[in-house]
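S.K.: Please see the structure below; I have some questions.
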Amino acid sequence: MVPRPNPCRSLPAPTDMDWLQALERLSSEGSPGVMATVTEVLGHAPRGPGAKMVVNAESSWGSIGGGNLEATVIDRAREMLLAGSAVPESVTFNLNERAATQHGRQCCGGTASVLMEPVRSRPTVAIFGVGHVGHELARILSRLPVRLVLVDSRAAQLDPAHLADVTDETADVQPLHSAVPDSALAQLPQGSHVFIMTHDHAEDFLLCDAALRRGDLGSVGLIGSRAKWTRFRHKLKAEGHDDAQIDAITCPIGLPDIGGKSPAIIAISAAASLLQRIATDMSCSY
């Protein structure tokens with residue numbers, strides 16, 4: 001009698017780079033995800049310990065065995081993402097005909113435990129205008145585990161030699177030359193933190209208007225005096241924004257108790273204010 005094949009034998013592991021590339025992709029996009037790892041198997045199960053899968057809101061990479069086990073993990077991962085959870089969870093699945101399932105039965109006969117770990121992306125910080133203050137701010141933030149997007153309509157400000165003291169640090173630095181900076185703002189991930197400090201007040205205003213129309217940014221800071229901000233408030237109201245929306249922009253930037261007008265002092269104050277918002281996110285990022 002020929003032995004029947006075990007339908008729940010360990011499957012060949014997918015290429016490791018599948019889930020590793022997924023993590024890298026999520027990091028570069030500034031998107032969160034959940035990594036699921038099979039940690040323990042008793043009896044028969046589709047995959048052995050160490051099998052991994054990465055899940056985000058739209059896709060998944062890798063496999064932990066398919067069927068109800070994998071579909072249920074994907075559902076739970078997306079619930080964790082929606083809730084913004086940062087706490088790992090361990091789930092054990094009974095793979096037998098009597099187990100209650102939502103996505104079809106798996107009758108392997110064993111049990112599989114899966115660790116689900118939220119992997120928060122690096123916070124995205126975008127600096128529009130890499131002039132004296134913008135460059136100083138970029139130098140400070142480059143020492144932190146953030147995704148740092150530097151946007152300027154002047155190509156010379158983003159020359160690699162000019163940014164050498166920024167790009168050789170911890171941050172994932174992404175210089176972006178754009179003649180239309182507000183289009184670059186539209187491409188930032190949800191929850192990004194934005195500093196508007198270009199060389200042109202007209203450009204600053206277009207960016208403020210674009211930021212308010214998005215309505216999903218983590219914070220928006222505008223460099224300038226109170227007089228500048230008063231003028232901008234009137235113009236933003238004329239564009240249809242109400243007071244509650246306009247209040248989402250902070251101007252002047254930085255901590256109010258730190259005085260001084262030198263680029264370094266303004267940059268330190270702005271960075272300190274930002275850290276009050278993102279310190280927890282950085283401790284959970286990958």
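Starting from 1 in every chain, residues are counted up; chains themselves are A, B, ... following the order of the structure tokens, and ligands are numbered from 1 as listed.
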Find the residues of region 178-240 of chain A that sit at most 8 Å from region 135-155 of chain A; for each, write down the nearest two atoms and how far apart they are in Å, to one decimal. Count only C-alpha atoms. Sort by chain, then by number going up, and give it as JSON lines.
M.R.:
```
{"residue": "A:Ser178", "atom": "CA", "partner": "A:Ser153", "partner_atom": "CA", "distance": 5.0}
{"residue": "A:Ala179", "atom": "CA", "partner": "A:Ser153", "partner_atom": "CA", "distance": 4.7}
{"residue": "A:Val180", "atom": "CA", "partner": "A:Ser153", "partner_atom": "CA", "distance": 7.0}
{"residue": "A:Pro181", "atom": "CA", "partner": "A:Ser153", "partner_atom": "CA", "distance": 6.7}
{"residue": "A:Ala184", "atom": "CA", "partner": "A:Val151", "partner_atom": "CA", "distance": 7.7}
{"residue": "A:Thr198", "atom": "CA", "partner": "A:Asp152", "partner_atom": "CA", "distance": 7.4}
```
S.K.: Using only C-alpha atoms, which residues sit within 10 Å of region 257-263 of chain A once same-chain residues fewer than 6 positions away are excluded, as a list in words?
M.R.: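 So, after excluding close chain neighbours, the residues are Gly131, His132, Val133, Gly134, His135, Glu136, Leu137, Ser269, Ala270 and Ala272 of chain A.
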S.K.: Need to verify the contact set: Leu115 (chain A), 9 Å, only C-alpha atoms, exclusion of same-chain residues closer than 2 positions in sequence. Can you return it as a VMD selection string?
M.R.: chain A and resid 35 to 39 88 to 92 113 117
S.K.: With N, CA and C atoms retained, could you export that selection as a PDB file, in the first residue's frame?
M.R.:
```
ATOM      1  N   MET A  35       4.474  41.929  10.989  1.00  0.00           N
ATOM      2  CA  MET A  35       5.213  40.734  10.616  1.00  0.00           C
ATOM      3  C   MET A  35       4.695  39.559  11.430  1.00  0.00           C
ATOM      4  N   ALA A  36       4.260  38.506  10.739  1.00  0.00           N
ATOM      5  CA  ALA A  36       3.752  37.294  11.385  1.00  0.00           C
ATOM      6  C   ALA A  36       4.787  36.189  11.242  1.00  0.00           C
ATOM      7  N   THR A  37       5.122  35.539  12.364  1.00  0.00           N
ATOM      8  CA  THR A  37       6.126  34.483  12.378  1.00  0.00           C
ATOM      9  C   THR A  37       5.564  33.259  13.085  1.00  0.00           C
ATOM     10  N   VAL A  38       5.673  32.098  12.424  1.00  0.00           N
ATOM     11  CA  VAL A  38       5.304  30.845  13.089  1.00  0.00           C
ATOM     12  C   VAL A  38       6.376  30.551  14.140  1.00  0.00           C
ATOM     13  N   THR A  39       5.974  30.489  15.396  1.00  0.00           N
ATOM     14  CA  THR A  39       6.941  30.320  16.482  1.00  0.00           C
ATOM     15  C   THR A  39       6.989  28.903  17.027  1.00  0.00           C
ATOM     16  N   PRO A  88       2.868  43.467  20.394  1.00  0.00           N
ATOM     17  CA  PRO A  88       2.841  42.164  19.712  1.00  0.00           C
ATOM     18  C   PRO A  88       1.767  41.257  20.300  1.00  0.00           C
ATOM     19  N   GLU A  89       1.256  40.351  19.465  1.00  0.00           N
ATOM     20  CA  GLU A  89       0.262  39.372  19.903  1.00  0.00           C
ATOM     21  C   GLU A  89       0.701  37.980  19.478  1.00  0.00           C
ATOM     22  N   SER A  90       0.384  36.975  20.297  1.00  0.00           N
ATOM     23  CA  SER A  90       0.634  35.584  19.946  1.00  0.00           C
ATOM     24  C   SER A  90      -0.698  34.859  19.865  1.00  0.00           C
ATOM     25  N   VAL A  91      -0.906  34.136  18.751  1.00  0.00           N
ATOM     26  CA  VAL A  91      -2.166  33.443  18.518  1.00  0.00           C
ATOM     27  C   VAL A  91      -1.864  31.983  18.203  1.00  0.00           C
ATOM     28  N   THR A  92      -2.638  31.055  18.798  1.00  0.00           N
ATOM     29  CA  THR A  92      -2.468  29.631  18.539  1.00  0.00           C
ATOM     30  C   THR A  92      -3.687  29.101  17.784  1.00  0.00           C
ATOM     31  N   SER A 113       1.467  28.120  16.492  1.00  0.00           N
ATOM     32  CA  SER A 113       1.446  29.403  17.196  1.00  0.00           C
ATOM     33  C   SER A 113       2.121  30.448  16.309  1.00  0.00           C
ATOM     34  N   GLU A 117       3.824  40.859  15.087  1.00  0.00           N
ATOM     35  CA  GLU A 117       4.573  42.017  15.584  1.00  0.00           C
ATOM     36  C   GLU A 117       4.320  43.245  14.714  1.00  0.00           C
TER      37      GLU A 117
END
```
S.K.: Would you please give, as an MDAnalysis selection string, all residues of region 56-225 of chain A that DSSP assigns to strand (DSSP E) based on the backbone?
M.R.: chainID A and resid 60:62 89:94 111:119 124:128 147:152 172:177 193:196 219:222
S.K.: Got a sec: who's within 9 Å of Ala186 (chain A), counting only C-alpha atoms, leaving out chain neighbours fewer than 3 positions off, as a PyMOL selection string?
M.R.: chain A and resi 181-183+189+210-211+214
S.K.: Excluding Lys235 (chain A) and any residue of its chain fewer than 5 positions from it, enumerate the residues within 10 Å of it, using only C-alpha atoms, and give them as a short mmCIF file (atom, residue, chain, number, x, y, z; two decimals) with all heavy atoms, in the first residue's frame.
M.R.:
```
data_model
loop_
_atom_site.label_atom_id
_atom_site.label_comp_id
_atom_site.auth_asym_id
_atom_site.auth_seq_id
_atom_site.Cartn_x
_atom_site.Cartn_y
_atom_site.Cartn_z
N PHE A 205 2.95 79.83 0.65
CA PHE A 205 1.50 79.87 0.73
C PHE A 205 0.87 78.71 -0.02
O PHE A 205 -0.08 78.07 0.48
CB PHE A 205 0.95 81.19 0.18
CG PHE A 205 -0.55 81.27 0.23
CD1 PHE A 205 -1.20 81.55 1.43
CD2 PHE A 205 -1.31 81.00 -0.90
CE1 PHE A 205 -2.58 81.58 1.49
CE2 PHE A 205 -2.70 81.03 -0.83
CZ PHE A 205 -3.33 81.32 0.37
N ASP A 209 -1.64 75.92 1.64
CA ASP A 209 -2.95 75.60 1.07
C ASP A 209 -3.05 74.11 0.75
O ASP A 209 -4.05 73.45 1.07
CB ASP A 209 -3.17 76.45 -0.18
CG ASP A 209 -4.52 76.18 -0.82
OD1 ASP A 209 -5.55 76.33 -0.15
OD2 ASP A 209 -4.54 75.79 -2.01
N TRP A 229 2.18 85.34 9.41
CA TRP A 229 1.12 84.39 9.66
C TRP A 229 -0.25 85.06 9.62
O TRP A 229 -1.22 84.48 9.13
CB TRP A 229 1.34 83.69 10.99
CG TRP A 229 0.31 82.66 11.33
CD1 TRP A 229 -0.34 82.51 12.51
CD2 TRP A 229 -0.17 81.60 10.49
NE1 TRP A 229 -1.20 81.44 12.47
CE2 TRP A 229 -1.11 80.86 11.22
CE3 TRP A 229 0.11 81.22 9.17
CZ2 TRP A 229 -1.79 79.76 10.71
CZ3 TRP A 229 -0.57 80.11 8.65
CH2 TRP A 229 -1.49 79.40 9.42
N THR A 230 -0.34 86.30 10.09
CA THR A 230 -1.60 87.03 10.01
C THR A 230 -2.04 87.19 8.56
O THR A 230 -3.21 87.00 8.21
CB THR A 230 -1.49 88.40 10.69
OG1 THR A 230 -1.18 88.22 12.08
CG2 THR A 230 -2.78 89.20 10.56
N GLY A 240 -11.08 79.41 1.29
CA GLY A 240 -12.15 78.53 1.74
C GLY A 240 -11.86 77.72 2.99
O GLY A 240 -12.70 76.92 3.41
N HIS A 241 -10.70 77.91 3.61
CA HIS A 241 -10.38 77.18 4.83
C HIS A 241 -10.96 77.92 6.04
O HIS A 241 -10.88 79.14 6.13
CB HIS A 241 -8.86 77.05 4.99
CG HIS A 241 -8.19 76.40 3.82
ND1 HIS A 241 -8.33 75.06 3.53
CD2 HIS A 241 -7.36 76.91 2.87
CE1 HIS A 241 -7.63 74.77 2.45
NE2 HIS A 241 -7.04 75.87 2.02
#
```
S.K.: Counting only C-alpha atoms, figure out which residue out of A:Gly129, A:Gly221, A:Gly215, A:Gly43 gets nearest to Gln245 (chain A).
M.R.: A:Gly215
S.K.: Which is closer to Leu158 (chain A) than all the others in A:Val130, A:Ala267, A:Val173, A:Met116, using only C-alpha atoms?
M.R.: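 Checking each candidate against Leu158 (chain A), we get A:Val130 as the closest.
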S.K.: DSSP on the backbone, alpha helix (DSSP H) only: what residues of region 198-282 of chain A does that give? Format it as a ChimeraX atom specification.
M.R.: /A:201-214,226-238,243-246,263-282
S.K.: Identify which of the residues A:Asp159, A:Gly66, A:Glu58, A:Val34 lies closest to Gly84 (chain A), counting only C-alpha atoms when measuring atom-to-atom distances.
M.R.: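 Under the stated criterion, the closest residue is A:Val34.
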S.K.: Restricting the calculation to only C-alpha atoms, which member of A:Trp19, A:Ile253, A:Ser27, A:Arg226 is positioned closest to Ala51 (chain A)?
M.R.: A:Trp19
S.K.: Residues near Asp18 (chain A), anyone? I mean within 10 Å using only C-alpha atoms, not counting same-chain ones fewer than 5 positions away, as a list in words.
M.R.: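 My list of contacting residues is Leu23, Lys52, Met53, Val54, Ser60, Trp61, Gly62 and Ser63 of chain A.
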